[in-house]
file upload-v4.cif (mmCIF, C-alpha atoms)
data_start
#
loop_
_atom_site.label_atom_id
_atom_site.label_comp_id
_atom_site.auth_asym_id
_atom_site.auth_seq_id
_atom_site.Cartn_x
_atom_site.Cartn_y
_atom_site.Cartn_z
CA MET A 136 0.00 0.00 0.00
CA SER A 137 1.40 3.40 -0.99
CA ARG A 138 1.90 6.10 1.63
CA LYS A 139 -0.37 9.08 1.02
CA LEU A 140 0.27 12.30 2.91
CA ALA A 141 -2.20 15.14 3.36
CA ILE A 142 -0.51 18.37 4.46
CA PHE A 143 -2.74 21.00 6.06
CA ALA A 144 -0.79 24.07 4.99
CA GLY A 145 -0.65 27.53 6.50
CA GLU A 146 1.88 30.31 6.02
CA GLY A 147 5.65 30.06 6.00
CA GLN A 148 8.59 28.23 4.46
CA LEU A 149 8.03 25.07 6.52
CA VAL A 150 5.21 23.97 4.20
CA LEU A 151 7.49 23.86 1.16
CA GLU A 152 10.26 22.13 3.13
CA VAL A 153 7.89 19.38 4.29
CA ALA A 154 6.33 18.94 0.84
CA GLN A 155 9.70 18.62 -0.89
CA ALA A 156 10.97 16.16 1.72
CA ALA A 157 7.81 14.06 1.43
CA LEU A 158 8.05 13.88 -2.36
CA ALA A 159 11.73 12.97 -2.16
CA ALA A 160 10.85 10.15 0.25
CA GLY A 161 8.25 8.73 -2.14
CA TRP A 162 5.03 9.92 -0.51
CA GLU A 163 1.96 10.55 -2.67
CA LEU A 164 1.08 14.10 -1.72
CA GLN A 165 -1.94 16.38 -1.46
CA ILE A 166 -1.73 19.87 0.03
CA PHE A 167 -4.84 21.21 1.75
CA LEU A 168 -4.24 24.95 1.54
CA LEU A 169 -5.78 26.83 4.48
CA VAL A 170 -4.48 30.31 3.57
CA ALA A 171 -3.96 32.30 0.39
CA ARG A 172 -0.46 31.87 -1.07
CA ASN A 173 0.97 31.64 -4.59
CA ASP A 174 4.24 29.73 -4.16
CA LEU A 175 2.84 26.19 -4.19
CA GLU A 176 1.25 26.04 -7.65
CA GLU A 177 3.56 23.26 -8.84
CA LEU A 178 2.38 20.96 -6.04
CA PRO A 179 -0.90 19.02 -5.96
CA LEU A 180 -3.22 21.13 -3.85
CA VAL A 181 -6.82 21.86 -3.00
CA GLU A 182 -7.95 25.09 -1.35
CA VAL A 183 -10.02 24.60 1.79
CA ARG A 184 -11.12 26.91 4.59
CA LEU A 185 -11.86 26.16 8.22
CA THR A 186 -15.11 28.09 7.82
CA ASN A 187 -16.26 25.21 5.59
CA PRO A 188 -15.29 22.05 7.52
CA LEU A 189 -17.59 19.91 5.36
CA LYS A 190 -15.39 20.60 2.31
CA VAL A 191 -12.32 19.70 4.36
CA VAL A 192 -13.82 16.34 5.30
CA MET A 193 -15.07 15.57 1.78
CA SER A 194 -11.70 16.49 0.25
CA LEU A 195 -9.92 14.26 2.76
CA ARG A 196 -12.17 11.32 2.03
CA LYS A 197 -11.65 11.80 -1.70
CA PHE A 198 -7.85 11.71 -1.36
CA ARG A 199 -7.92 8.91 1.27
CA PRO A 200 -4.59 9.70 2.96
CA THR A 201 -2.74 7.23 5.14
CA HIS A 202 -1.13 10.08 7.09
CA ILE A 203 -1.87 13.75 7.84
CA CYS A 204 0.46 16.48 9.03
CA MET A 205 0.07 20.18 9.76
CA ALA A 206 2.63 22.76 8.67
CA GLY A 207 2.72 26.54 8.77
CA ALA A 208 0.89 29.23 10.69
CA VAL A 209 -2.89 29.61 10.57
CA ASN A 210 -4.86 32.25 12.46
CA ILE A 211 -8.09 30.73 13.78
CA SER A 212 -10.76 33.00 15.26
CA ASP A 213 -12.97 32.02 18.20
CA HIS A 214 -15.91 31.70 15.81
CA GLU A 215 -13.97 29.31 13.57
CA ARG A 216 -12.87 27.21 16.55
CA GLU A 217 -16.44 26.93 17.79
CA GLY A 218 -17.62 26.01 14.29
CA ILE A 219 -15.02 23.26 13.95
CA PHE A 220 -15.84 21.78 17.35
CA GLY A 221 -19.54 21.95 16.54
CA PHE A 222 -19.12 20.24 13.17
CA LEU A 223 -17.02 17.49 14.70
CA LYS A 224 -19.52 17.18 17.57
CA ARG A 225 -16.69 17.48 20.07
CA LYS A 226 -17.58 19.88 22.84
CA PRO A 227 -14.67 22.05 23.98
CA LYS A 228 -13.43 21.35 27.49
CA ASN A 229 -15.44 23.19 30.18
CA GLY A 230 -17.84 24.30 27.45
CA HIS A 231 -15.52 27.05 26.24
CA SER A 232 -13.69 27.58 22.96
CA SER A 233 -10.44 25.69 23.33
CA GLY A 234 -7.04 27.17 22.64
CA ASP A 235 -4.06 25.34 21.23
CA THR A 236 -4.24 22.52 23.76
CA GLY A 237 -7.67 21.65 22.33
CA LEU A 238 -5.73 20.39 19.32
CA SER A 239 -5.50 16.94 20.89
CA ARG A 240 -9.25 16.40 20.65
CA LEU A 241 -9.40 17.88 17.16
CA ILE A 242 -6.60 15.57 16.06
CA GLY A 243 -8.45 12.58 17.49
CA ALA A 244 -11.57 13.55 15.58
CA LEU A 245 -9.57 14.05 12.38
CA GLU A 246 -8.08 10.57 12.68
CA MET A 247 -11.50 9.06 13.31
CA ILE A 248 -13.09 10.80 10.32
CA SER A 249 -10.28 10.15 7.83
CA GLY A 250 -8.84 6.85 9.05
CA ALA A 251 -5.39 8.44 8.67
CA LYS A 252 -2.69 8.84 11.31
CA VAL A 253 -1.73 12.40 12.22
CA ILE A 254 2.07 12.81 12.38
CA GLY A 255 4.42 15.69 13.12
CA VAL A 256 6.41 17.50 10.44
CA HIS A 257 9.57 16.32 12.21
CA GLU A 258 8.61 12.77 11.22
CA ILE A 259 8.96 13.86 7.57
CA ILE A 260 12.10 15.98 8.02
CA GLY A 261 14.28 14.26 10.61
CA ASP A 262 16.68 17.10 11.45
CA LEU A 263 14.04 19.74 12.22
CA ILE A 264 14.07 19.09 15.97
CA ALA A 265 16.23 21.33 18.15
CA PRO A 266 18.90 19.30 20.00
CA ASP A 267 20.35 19.84 23.46
CA GLY A 268 23.22 22.27 23.81
CA LEU A 269 24.58 25.08 21.67
CA ILE A 270 23.02 25.11 18.19
CA ALA A 271 24.52 28.33 16.82
CA GLY A 272 26.29 31.50 17.87
CA PRO A 273 28.70 32.25 20.71
CA GLU A 274 29.22 29.85 23.62
CA LEU A 275 27.24 30.61 26.78
CA ASN A 276 28.66 30.94 30.27
CA ARG A 277 27.16 29.24 33.32
CA GLU A 278 25.04 32.24 34.33
CA GLN A 279 23.60 32.59 30.82
CA ILE A 280 22.68 28.90 30.77
CA LYS A 281 20.89 29.36 34.12
CA ASN A 282 18.98 32.28 32.61
CA CYS A 283 17.98 30.10 29.65
CA LEU A 284 16.68 27.38 31.97
CA TYR A 285 14.75 29.95 33.99
CA ALA A 286 13.23 31.43 30.82
CA LEU A 287 12.21 28.00 29.52
CA GLY A 288 10.58 27.23 32.87
CA VAL A 289 8.58 30.46 32.67
CA ALA A 290 7.57 29.67 29.08
CA ARG A 291 6.20 26.32 30.24
CA LYS A 292 4.30 28.05 33.05
CA ILE A 293 2.49 30.39 30.68
CA GLY A 294 1.84 27.38 28.46
CA GLU A 295 0.01 25.68 31.31
CA ILE A 296 -2.71 28.33 31.08
CA ASP A 297 -2.67 28.18 27.25
CA VAL A 298 -1.47 31.76 26.76
CA GLY A 299 1.51 31.25 24.48
CA GLN A 300 4.81 29.43 24.02
CA ALA A 301 7.36 32.23 24.36
CA VAL A 302 8.76 34.71 26.87
CA VAL A 303 11.58 37.23 26.95
CA VAL A 304 13.60 37.66 30.13
CA ALA A 305 16.52 39.76 31.34
CA GLY A 306 18.21 37.65 33.98
CA HIS A 307 15.28 36.46 36.10
CA ARG A 308 13.09 39.44 35.23
CA VAL A 309 10.26 38.64 32.81
CA ILE A 310 10.06 41.37 30.17
CA GLY A 311 7.16 40.05 28.11
CA ALA A 312 5.14 36.95 27.22
CA GLU A 313 3.64 35.74 23.97
CA ASP A 314 -0.11 36.10 23.54
CA ILE A 315 -2.57 35.58 20.69
CA ALA A 316 -0.51 37.92 18.45
CA GLY A 317 2.42 35.48 18.33
CA THR A 318 6.18 35.52 18.77
CA ASP A 319 6.92 38.22 16.18
CA ALA A 320 4.62 40.61 18.03
CA LEU A 321 6.31 39.77 21.34
CA ILE A 322 9.72 40.54 19.85
CA ALA A 323 8.38 43.81 18.40
CA ARG A 324 7.09 44.84 21.85
CA VAL A 325 10.46 44.06 23.40
CA LYS A 326 12.17 46.14 20.71
CA GLY A 327 9.96 49.04 21.78
CA PHE A 328 10.88 48.52 25.43
CA VAL A 329 14.58 48.57 24.52
CA GLU A 330 14.18 51.75 22.48
CA GLN A 331 12.40 53.37 25.44
CA GLY A 332 15.27 52.42 27.75
CA LYS A 333 13.08 50.13 29.88
CA THR A 334 15.29 47.06 29.39
CA GLY A 335 18.26 45.72 27.45
CA ASN A 336 20.89 47.98 29.01
CA GLY A 337 21.88 45.88 32.02
CA ARG A 338 24.40 43.14 32.70
CA ASP A 339 22.13 40.29 31.57
CA MET A 340 21.46 39.61 27.90
CA LEU A 341 17.85 39.48 26.80
CA VAL A 342 16.77 35.86 26.31
CA LEU A 343 13.88 34.73 24.11
CA ALA A 344 12.65 31.29 25.21
CA LYS A 345 10.15 29.04 23.43
CA ALA A 346 8.73 25.88 25.00
CA LYS A 347 6.03 23.36 24.15
CA LYS A 348 2.88 23.71 26.23
CA PRO A 349 2.59 20.87 28.77
CA GLN A 350 -0.75 19.58 27.42
CA GLN A 351 0.06 20.21 23.75
CA PRO A 352 0.21 17.27 21.31
CA ALA A 353 3.62 16.75 19.73
CA VAL A 354 2.23 16.52 16.19
CA ALA A 355 1.02 20.11 15.72
CA ASP A 356 2.16 23.68 16.37
CA LEU A 357 5.44 22.90 18.10
CA PRO A 358 7.51 25.97 19.02
CA ALA A 359 9.59 27.03 16.03
CA ILE A 360 12.16 29.57 14.95
CA GLY A 361 13.58 30.41 11.54
CA PRO A 362 15.88 32.99 9.95
CA ASP A 363 13.24 35.72 10.40
CA THR A 364 13.22 35.04 14.14
CA ILE A 365 17.00 35.50 14.24
CA ASN A 366 16.77 38.79 12.33
CA ASN A 367 13.92 40.11 14.46
CA ALA A 368 15.66 39.12 17.69
CA HIS A 369 18.86 40.87 16.59
CA GLN A 370 16.96 44.07 15.79
CA ALA A 371 15.24 43.93 19.19
CA GLY A 372 18.49 43.56 21.13
CA ILE A 373 17.86 39.91 22.07
CA GLY A 374 21.18 38.07 22.31
CA ILE A 375 20.10 34.52 23.19
CA ILE A 376 17.31 32.23 21.99
CA ALA A 377 16.55 29.25 24.25
CA LEU A 378 14.55 26.35 22.82
CA ASP A 379 12.75 23.39 24.36
CA ALA A 380 15.14 20.67 23.15
CA GLY A 381 13.35 17.74 21.55
CA ASN A 382 10.12 19.73 21.25
CA SER A 383 11.05 22.69 19.02
CA LEU A 384 11.58 23.10 15.29
CA LEU A 385 14.44 24.74 13.39
CA ILE A 386 12.98 26.02 10.11
CA GLU A 387 15.47 26.54 7.25
CA LYS A 388 18.07 25.17 9.63
CA ALA A 389 21.19 25.85 7.56
CA ARG A 390 20.22 29.49 6.92
CA LEU A 391 19.18 29.92 10.55
CA ILE A 392 22.53 28.70 11.88
CA ALA A 393 24.55 30.74 9.38
CA LEU A 394 22.62 33.91 10.22
CA ALA A 395 22.84 33.36 13.98
CA ASN A 396 26.61 32.89 13.66
CA GLU A 397 26.89 36.03 11.54
CA LEU A 398 24.83 38.19 13.91
CA GLY A 399 26.21 36.73 17.12
CA ILE A 400 22.89 35.36 18.38
CA SER A 401 23.31 32.27 20.58
CA VAL A 402 20.71 29.54 19.96
CA PHE A 403 20.63 27.02 22.79
CA GLY A 404 18.56 23.87 23.36
CA ALA A 405 17.67 22.63 26.84
CA ARG A 406 14.96 20.69 28.67
CA PRO A 407 12.65 23.00 30.63
CA ASP A 408 12.63 22.49 34.38
CA ASP A 409 9.46 23.79 36.02
CA ASP A 410 11.36 24.34 39.29
CA GLN A 411 13.72 26.76 37.53
CA ALA A 412 10.86 29.23 37.08
CA LYS A 413 10.53 29.49 40.87
CA SER A 414 14.17 30.34 41.50
#

call {"tool": "encode", "arguments": {"input": "upload-v4.cif", "output": "structure tokens"}}
result
Amino acid sequence: MSRKLAIFAGEGQLVLEVAQAALAAGWELQIFLLVARNDLEELPLVEVRLTNPLKVVMSLRKFRPTHICMAGAVNISDHEREGIFGFLKRKPKNGHSSGDTGLSRLIGALEMISGAKVIGVHEIIGDLIAPDGLIAGPELNREQIKNCLYALGVARKIGEIDVGQAVVVAGHRVIGAEDIAGTDALIARVKGFVEQGKTGNGRDMLVLAKAKKPQQPAVADLPAIGPDTINNAHQAGIGIIALDAGNSLLIEKARLIALANELGISVFGARPDDDQAKS
């Protein structure tokens, strides 16, 4: 039986990376395009929208995939979330519109409807996952590593209440946390704080940390950085990026590493320790 992969595609370079890797590995491919973009015309695709979940289901059943993965960013409104849950007849936990951690129930419903297994993009591209230790940029000293562990612990704490995956700290002072606007907006806010002289001029480097939410499934929306993250961090005065090792993605990895080395941004992978956030 041939392997058939359905990619639910949002914005960003990751979609093209996953599609190319899947084709090279011999997958039969169908892209389910959730957002408007014009750089995938040469790939087999069908345009779908979350506002029309019936078309999504019918298109899936027509293609009959053996596996499904999700790649790229998609903005989903509260109304769209409620509509999806209603169509799938899966009531959100506590009766409220679920955030990202509600993905686990949506994924279960998707598998039940399609008969396909949902997998992570890192199962298509093996070297996407951030490893432990220094990934790029200058070596860190012991105090900087402690700050990274603290920041990752804080990122996990905000993930517990389903707010976001990222924080920026200066030493053990939290400067900002990701919200519905995403990581780029967090970095932009921090840039403003630096320009106003509110942070970024002390002994401790600013650290951006991204960690997987504790209840989040490992097959969708893992924390990720790419070359744009490196550029934005540099412009905001952020000197270190700490990643949840084993649970974060490195998009356009070669470019990311080269740019981080060029700009002097340290990228460091570590396992979050919830106790670190208390210290």

call {"tool": "residues_near_point", "arguments": {"input": "upload-v4.cif", "point": "(10.0, 17.4, 1.1)", "cutoff": "12 Å", "atoms": "all atoms listed in the file", "output": "list in words"}}
result
Leu140, Ile142, Gln148, Leu149, Val150, Leu151, Glu152, Val153, Ala154, Gln155, Ala156, Ala157, Leu158, Ala159, Ala160, Gly161, Trp162, Glu163, Leu164, Leu178, Ala206, Val256, His257, Glu258, Ile259, Ile260 and Gly261 of chain A

call {"tool": "closest_residue", "arguments": {"input": "upload-v4.cif", "among": "A:Phe143, A:Phe328, A:Phe403, A:Phe167", "to": "Leu275 of chain A", "atoms": "all atoms listed in the file"}}
result
A:Phe403

call {"tool": "resolve_selection", "arguments": {"input": "upload-v4.cif", "expression": "the PyMOL selection byres ((chain A and resi 287-294) around 8)", "output": "count of residues only"}}
result
29

call {"tool": "closest_residue", "arguments": {"input": "upload-v4.cif", "among": "A:Asp174, A:Asp363, A:Asp213, A:Asp339", "to": "Asn276 of chain A", "atoms": "all atoms listed in the file"}}
result
A:Asp339

call {"tool": "residues_around", "arguments": {"input": "upload-v4.cif", "residues": "Lys139 of chain A", "least_positions_apart": "5", "cutoff": "9 Å", "atoms": "all atoms listed in the file", "output": "PyMOL selection string"}}
result
chain A and resi 162-165+198-203

call {"tool": "atom_distance", "arguments": {"input": "upload-v4.cif", "atom1": "atom CA of Gly317 of chain A", "atom2": "atom CA of Gly145 of chain A"}}
result
14.6 Å

call {"tool": "closest_residue", "arguments": {"input": "upload-v4.cif", "among": "A:Asn187, A:Ser383, A:Thr364, A:Asn210", "to": "Leu321 of chain A", "atoms": "all atoms listed in the file"}}
result
A:Thr364

call {"tool": "closest_residue", "arguments": {"input": "upload-v4.cif", "among": "A:Pro358, A:Pro273, A:Gly218, A:Gly372", "to": "Val325 of chain A", "atoms": "only C-alpha atoms"}}
result
A:Gly372

call {"tool": "atom_distance", "arguments": {"input": "upload-v4.cif", "atom1": "atom CA of Thr318 of chain A", "atom2": "atom CA of Val253 of chain A"}}
result
25.3 Å

call {"tool": "axis_aligned_box", "arguments": {"input": "upload-v4.cif", "around": "segment 290-298 of chain A", "padding_each_side": "4 Å", "output": "lines of an AutoDock Vina configuration file"}}
result
center_x = 2.4
center_y = 28.7
center_z = 29.9
size_x = 18.3
size_y = 14.1
size_z = 14.3

call {"tool": "residues_near_point", "arguments": {"input": "upload-v4.cif", "point": "(26.5, 39.3, 27.3)", "cutoff": "12 Å", "atoms": "all atoms listed in the file", "output": "VMD selection string"}}
result
chain A and resid 273 to 280 282 305 to 306 335 to 342 372 to 375 399 to 401

call {"tool": "resolve_selection", "arguments": {"input": "upload-v4.cif", "expression": "the PyMOL selection byres ((chain A and resi 209) around 10)", "output": "PyMOL selection string"}}
result
chain A and resi 143-147+169-170+185+205-208+210-212+356

call {"tool": "closest_residue", "arguments": {"input": "upload-v4.cif", "among": "A:Glu397, A:Gly255, A:Pro179, A:Ala380", "to": "Ala353 of chain A", "atoms": "only C-alpha atoms"}}
result
A:Gly255

call {"tool": "closest_residue", "arguments": {"input": "upload-v4.cif", "among": "A:Glu176, A:Glu387, A:Asp319, A:Glu313", "to": "Ala368 of chain A", "atoms": "all atoms listed in the file"}}
result
A:Asp319

call {"tool": "atom_distance", "arguments": {"input": "upload-v4.cif", "atom1": "atom CA of Ile315 of chain A", "atom2": "atom CA of Glu217 of chain A"}}
result
16.6 Å

call {"tool": "resolve_selection", "arguments": {"input": "upload-v4.cif", "expression": "the PyMOL selection byres ((chain A and resi 393) around 12)", "output": "JSON, numbers by chain"}}
result
{"A": [270, 271, 272, 361, 362, 365, 366, 387, 388, 389, 390, 391, 392, 394, 395, 396, 397, 398, 399, 400, 401, 402]}

call {"tool": "decode", "arguments": {"input": "upload-v4.cif", "residues": "segment 170-188 of chain A", "atoms": "C-alpha atoms", "output": "compact mmCIF listing (two decimals), in the first residue's frame"}}
result
# COMPACT_ATOMS: atom_id res chain seq x y z
CA VAL A 170 -4.48 30.31 3.57
CA ALA A 171 -3.96 32.30 0.39
CA ARG A 172 -0.46 31.87 -1.07
CA ASN A 173 0.97 31.64 -4.59
CA ASP A 174 4.24 29.73 -4.16
CA LEU A 175 2.84 26.19 -4.19
CA GLU A 176 1.25 26.04 -7.65
CA GLU A 177 3.56 23.26 -8.84
CA LEU A 178 2.38 20.96 -6.04
CA PRO A 179 -0.90 19.02 -5.96
CA LEU A 180 -3.22 21.13 -3.85
CA VAL A 181 -6.82 21.86 -3.00
CA GLU A 182 -7.95 25.09 -1.35
CA VAL A 183 -10.02 24.60 1.79
CA ARG A 184 -11.12 26.91 4.59
CA LEU A 185 -11.86 26.16 8.22
CA THR A 186 -15.11 28.09 7.82
CA ASN A 187 -16.26 25.21 5.59
CA PRO A 188 -15.29 22.05 7.52
